[in-house]
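Source file upload.txt; content: compact mmCIF, C-alpha atoms.
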# COMPACT_ATOMS: atom_id res chain seq x y z
CA MET A 76 -121.38 -9.09 10.86
CA ASN A 77 -124.83 -7.85 11.75
CA THR A 78 -125.29 -7.09 15.42
CA ALA A 79 -128.54 -7.86 17.19
CA THR A 80 -130.15 -5.24 19.43
CA PRO A 81 -132.46 -5.88 22.39
CA SER A 82 -135.43 -4.84 20.24
CA SER A 83 -134.58 -7.23 17.41
CA VAL A 84 -137.15 -9.95 16.84
CA PRO A 85 -136.91 -12.98 14.55
CA ARG A 86 -138.59 -12.64 11.17
CA ALA A 87 -140.35 -15.63 9.65
CA THR A 88 -139.08 -16.25 6.11
CA SER A 89 -140.67 -19.65 5.56
CA ALA A 90 -142.69 -22.24 7.41
CA ASP A 91 -139.46 -23.84 8.59
CA HIS A 92 -137.02 -21.01 9.31
CA LEU A 93 -136.61 -17.61 10.95
CA THR A 94 -134.25 -14.87 9.81
CA ILE A 95 -132.22 -13.79 12.85
CA THR A 96 -129.30 -11.45 13.57
CA PRO A 97 -127.10 -13.14 16.20
CA SER A 98 -124.38 -11.01 17.77
CA ILE A 99 -121.75 -13.71 17.15
CA LEU A 100 -121.41 -16.71 14.85
CA TYR A 101 -119.49 -19.22 16.96
CA PHE A 102 -121.60 -22.11 15.73
CA GLY A 103 -119.52 -24.83 17.38
CA THR A 104 -115.75 -24.88 17.02
CA PRO A 105 -112.95 -26.30 19.20
CA VAL A 106 -111.34 -24.14 21.86
CA VAL A 107 -107.56 -23.79 21.64
CA LEU A 108 -105.03 -22.14 23.90
CA LEU A 109 -102.35 -20.31 21.93
CA SER A 110 -98.95 -19.82 23.52
CA THR A 111 -96.75 -17.18 21.88
CA GLU A 112 -93.60 -15.26 22.79
CA ASN A 113 -93.68 -11.69 24.11
CA GLU A 114 -91.09 -9.04 23.22
CA ASP A 115 -89.27 -9.52 26.53
CA GLY A 116 -88.91 -13.30 26.12
CA THR A 117 -91.81 -14.19 28.43
CA PHE A 118 -94.82 -16.02 27.06
CA ASN A 119 -98.48 -15.22 26.49
CA LEU A 120 -101.34 -17.72 26.68
CA ALA A 121 -104.66 -16.87 25.06
CA PRO A 122 -107.91 -18.79 24.50
CA MET A 123 -109.56 -18.62 21.09
CA SER A 124 -112.15 -20.60 19.17
CA SER A 125 -111.61 -19.73 15.51
CA ALA A 126 -109.29 -22.51 14.37
CA TRP A 127 -109.44 -25.17 11.68
CA ALA A 128 -107.03 -27.46 9.87
CA LEU A 129 -106.03 -27.91 6.23
CA GLY A 130 -103.80 -30.94 6.22
CA HIS A 131 -100.88 -29.91 8.43
CA VAL A 132 -101.71 -26.21 8.26
CA ILE A 133 -103.76 -24.65 11.05
CA VAL A 134 -105.74 -21.53 10.18
CA LEU A 135 -106.38 -19.22 13.12
CA GLY A 136 -108.43 -16.07 13.58
CA VAL A 137 -107.36 -13.75 16.41
CA GLY A 138 -108.33 -10.23 17.42
CA VAL A 139 -106.09 -7.73 15.67
CA GLU A 140 -105.41 -5.65 18.80
CA GLY A 141 -104.56 -8.49 21.20
CA GLN A 142 -101.16 -9.60 22.45
CA THR A 143 -101.28 -12.80 20.40
CA ALA A 144 -101.64 -10.82 17.17
CA HIS A 145 -98.90 -8.44 18.29
CA ASN A 146 -96.57 -11.38 18.99
CA LEU A 147 -97.23 -13.32 15.79
CA ARG A 148 -96.52 -10.35 13.56
CA SER A 149 -92.85 -10.44 14.58
CA ARG A 150 -92.35 -13.81 16.32
CA PRO A 151 -94.05 -16.53 14.28
CA GLU A 152 -93.56 -19.50 16.60
CA LEU A 153 -96.57 -20.73 18.57
CA VAL A 154 -98.18 -23.75 20.15
CA VAL A 155 -101.82 -24.67 19.52
CA ASN A 156 -102.94 -26.46 22.69
CA LEU A 157 -106.29 -28.26 22.66
CA PRO A 158 -107.91 -28.69 26.10
CA ALA A 159 -110.34 -31.45 27.03
CA PRO A 160 -113.96 -30.60 27.98
CA ALA A 161 -113.27 -30.90 31.72
CA GLN A 162 -110.68 -28.13 31.43
CA TRP A 163 -113.20 -25.44 30.50
CA PRO A 164 -112.85 -23.67 33.91
CA ALA A 165 -109.16 -23.01 33.16
CA VAL A 166 -110.13 -21.61 29.76
CA GLU A 167 -112.71 -19.37 31.36
CA ARG A 168 -110.18 -18.11 33.90
CA LEU A 169 -108.14 -16.89 30.94
CA ALA A 170 -111.10 -15.37 29.12
CA PRO A 171 -111.17 -11.94 30.86
CA LEU A 172 -107.38 -11.52 30.80
CA THR A 173 -105.13 -9.81 28.28
CA GLY A 174 -101.37 -9.86 27.95
CA ARG A 175 -101.44 -6.44 26.30
CA THR A 176 -100.65 -3.29 28.25
CA PRO A 177 -102.16 -0.79 28.14
CA VAL A 178 -105.37 -2.76 27.71
CA PRO A 179 -106.67 -2.24 24.14
CA ALA A 180 -109.55 0.20 23.84
CA ASP A 181 -112.04 -2.46 22.73
CA LYS A 182 -111.26 -4.54 25.86
CA ARG A 183 -111.28 -1.85 28.53
CA GLY A 184 -113.79 -2.37 31.30
CA ALA A 185 -114.21 -6.09 30.58
CA PHE A 186 -110.58 -7.28 30.54
CA ARG A 187 -107.58 -6.79 32.80
CA PHE A 188 -103.86 -7.06 32.13
CA GLU A 189 -102.19 -10.24 33.39
CA PRO A 190 -98.51 -10.92 32.64
CA ASP A 191 -98.48 -14.52 33.96
CA LYS A 192 -101.44 -16.23 32.38
CA PHE A 193 -100.25 -19.78 33.01
CA THR A 194 -100.36 -19.20 36.76
CA ALA A 195 -103.62 -17.26 36.55
CA ALA A 196 -105.27 -20.17 34.73
CA GLY A 197 -103.76 -22.82 37.02
CA LEU A 198 -101.89 -24.39 34.10
CA ARG A 199 -98.31 -25.58 33.81
CA PRO A 200 -95.94 -24.73 30.94
CA GLU A 201 -93.64 -27.43 29.59
CA PRO A 202 -90.81 -27.03 27.07
CA SER A 203 -91.50 -27.44 23.36
CA GLY A 204 -89.25 -29.37 21.03
CA SER A 205 -89.18 -27.16 17.92
CA VAL A 206 -90.41 -23.71 19.00
CA ARG A 207 -89.72 -21.31 21.86
CA PRO A 208 -93.25 -20.91 23.30
CA PRO A 209 -94.09 -23.63 25.83
CA ARG A 210 -96.80 -26.24 25.59
CA VAL A 211 -99.65 -26.45 28.10
CA ALA A 212 -98.84 -29.62 30.04
CA GLU A 213 -102.46 -30.38 30.93
CA CYS A 214 -103.76 -30.26 27.34
CA PRO A 215 -104.11 -33.73 25.75
CA LEU A 216 -103.16 -32.42 22.28
CA GLN A 217 -100.40 -29.89 21.61
CA LEU A 218 -99.38 -28.70 18.14
CA GLU A 219 -96.07 -26.89 17.80
CA ALA A 220 -96.26 -24.61 14.77
CA ARG A 221 -94.76 -21.68 12.91
CA ALA A 222 -96.86 -18.97 11.25
CA ALA A 223 -96.16 -18.83 7.52
CA ARG A 224 -98.68 -16.13 6.58
CA VAL A 225 -100.20 -13.43 8.79
CA ARG A 226 -102.68 -10.90 7.41
CA THR A 227 -105.77 -8.96 8.38
CA ASP A 228 -109.21 -10.22 7.41
CA ALA A 229 -111.72 -8.43 5.16
CA THR A 230 -113.07 -6.35 8.05
CA GLY A 231 -109.71 -5.37 9.55
CA ALA A 232 -110.86 -6.57 12.97
CA PHE A 233 -109.08 -9.93 12.95
CA LEU A 234 -105.72 -11.37 12.04
CA LEU A 235 -105.74 -14.50 9.88
CA VAL A 236 -102.81 -16.78 10.63
CA GLU A 237 -101.77 -19.79 8.54
CA ALA A 238 -99.38 -21.90 10.61
CA HIS A 239 -97.45 -25.01 9.59
CA VAL A 240 -97.54 -27.73 12.27
CA LEU A 241 -94.03 -28.95 13.12
CA GLU A 242 -94.66 -31.42 15.94
CA VAL A 243 -97.76 -33.06 17.41
CA HIS A 244 -97.78 -34.21 21.04
CA ALA A 245 -100.61 -36.43 22.29
CA ASP A 246 -101.50 -37.94 25.64
CA PRO A 247 -100.91 -41.72 25.22
CA ARG A 248 -104.44 -42.37 26.46
CA ILE A 249 -105.92 -40.80 23.31
CA VAL A 250 -103.66 -42.58 20.80
CA VAL A 251 -104.66 -45.86 19.11
CA PRO A 252 -102.10 -48.34 20.50
CA GLY A 253 -99.27 -49.09 18.11
CA SER A 254 -100.34 -46.37 15.65
CA GLN A 255 -99.88 -42.70 14.80
CA HIS A 256 -103.63 -42.03 15.06
CA VAL A 257 -105.67 -40.14 17.64
CA ASP A 258 -108.47 -42.39 18.87
CA PRO A 259 -111.73 -40.46 18.30
CA ALA A 260 -113.46 -42.61 20.92
CA ALA A 261 -110.91 -41.54 23.53
CA TRP A 262 -110.48 -37.89 22.53
CA SER A 263 -113.10 -35.16 22.75
CA PRO A 264 -112.26 -31.51 22.09
CA LEU A 265 -113.74 -28.70 24.13
CA ILE A 266 -116.33 -27.05 21.89
CA TYR A 267 -117.32 -23.37 22.06
CA ASN A 268 -120.91 -23.23 20.84
CA PHE A 269 -122.44 -19.73 20.80
CA ARG A 270 -120.34 -18.77 23.86
CA HIS A 271 -121.19 -21.92 25.81
CA TYR A 272 -118.80 -24.84 26.47
CA TYR A 273 -119.58 -28.41 25.37
CA GLY A 274 -117.88 -31.74 24.76
CA LEU A 275 -118.78 -34.26 22.07
CA GLY A 276 -121.70 -36.66 22.35
CA PRO A 277 -121.67 -40.38 21.48
CA GLU A 278 -120.29 -41.43 18.11
CA LEU A 279 -122.89 -41.49 15.32
CA GLY A 280 -120.73 -43.07 12.63
CA HIS A 281 -117.49 -42.58 10.73
CA SER A 282 -116.36 -41.27 7.35
CA PHE A 283 -115.43 -43.77 4.62
CA ARG A 284 -111.96 -42.22 4.81
CA SER A 285 -111.52 -43.01 8.51
CA ARG A 286 -108.42 -45.00 9.45
CA THR A 287 -109.85 -45.84 12.87
CA PRO A 288 -113.26 -47.42 12.09
CA ARG A 289 -115.02 -49.26 14.84
CA THR A 290 -118.19 -51.29 15.13
CA ALA A 291 -121.09 -49.61 16.88
CA PRO A 292 -123.01 -51.61 19.56
CA ASN A 293 -125.86 -52.28 17.12
CA GLY A 294 -123.74 -53.12 14.10
CA PRO A 295 -121.57 -51.19 11.65
CA SER A 296 -121.92 -47.43 12.00
Translate the structure of the given file into structure tokens.
Amino acid sequence: MNTATPSSVPRATSADHLTITPSILYFGTPVVLLSTENEDGTFNLAPMSSAWALGHVIVLGVGVEGQTAHNLRSRPELVVNLPAPAQWPAVERLAPLTGRTPVPADKRGAFRFEPDKFTAAGLRPEPSGSVRPPRVAECPLQLEARAARVRTDATGAFLLVEAHVLEVHADPRIVVPGSQHVDPAAWSPLIYNFRHYYGLGPELGHSFRSRTPRTAPNGPS
């Protein structure tokens, strides 16, 4: 990834666009809190924003030197907890913490070691049904999973994790009554957009494949 410097200036490449070199490419992805098991049987909780789903497989990207990567290499069970937008302060309380000691070289000066991240974030662990790491009680969506493939990415800086989801837990308030579906009008993920936190805006429409279509105020969306 190209890294911008303070002297970098955008370069016009057409009448409509500039060529830029942003320092990061978090162009709007959900925040998740990953709970994993440490060597001593305690649990780590880490925020990350590189996650996406393929059916019932969740693909994750985590820093190769962090405690989460260290844990998943030998203990594949995890929980992918999705916080709501209002919970961003708890996520940010976790952001400068690491469960790795000594603190990895690339985190020194900006991060500090914290063995009890649940308490530090003001969050409560609750038992999982199929895996050892706990769920985050306050998160409206919790996905218990087991890593099936763990490997480094093309740069060697990140660990790519493909995890099979075993159980999905949802707050009843975000489930369509009498169904197995999450109600997209009731659920909004916390979005990390170029290192800023956002929720979703009003619905614009729905895919033809949606199983939870609804009528917009001014007619079909």
Between CA of Pro164 in chain A and CA of Cys214 in chain A lies a distance of 13.0 Å
If you count all atoms listed in the file, which residues fall within 8 Å of range 150-159 of chain A, apart from same-chain ones fewer than 4 positions away, as a ChimeraX atom specification?
/A:105-112,146,163,206-211,213-223,262-265,274
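As for CA of Ile266 in chain A and CA of Gly103 in chain A, they are spaced 6.0 Å apart.
We find CA of Glu140 in chain A and CA of Thr96 in chain A to be spaced 25.1 Å apart.
If all atoms listed in the file are the atoms counted, then among A:Leu235, A:Ile95, A:Ala261, A:Ala87 the closest residue to Val137 in chain A is A:Leu235.
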Of the candidates A:Ala144, A:Ser89, A:His271, A:Asp258, which one gets nearest to Ala232 in chain A if we count only C-alpha atoms?
A:Ala144
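Using all atoms listed in the file, the shortest contact distance between Asp228 in chain A and any of A:Ala195, A:Glu189, A:Gly136, A:Arg248 is found at A:Gly136.
Using only C-alpha atoms, the nearest neighbour of Thr227 in chain A within the list A:Asn119, A:Ala165, A:Gly138, A:Arg286 is A:Gly138.
Candidate residues A:Tyr273, A:Phe186, A:Tyr101, A:Tyr267 were compared for distance to Ala170 in chain A, and the nearest is A:Phe186, using all atoms listed in the file.
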Arg148 in chain A: which residues within 10 Å, counting only C-alpha atoms, same-chain residues fewer than 5 positions away excluded, as a list in words?
Thr143, Ala222, Arg224, Val225, Arg226, Leu234 and Val236 of chain A
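Shortest separation to Asp181 in chain A among A:Gly253, A:Pro97, A:Gln162, A:Gly141 occurs at residue A:Gly141, atoms counted being only C-alpha atoms.
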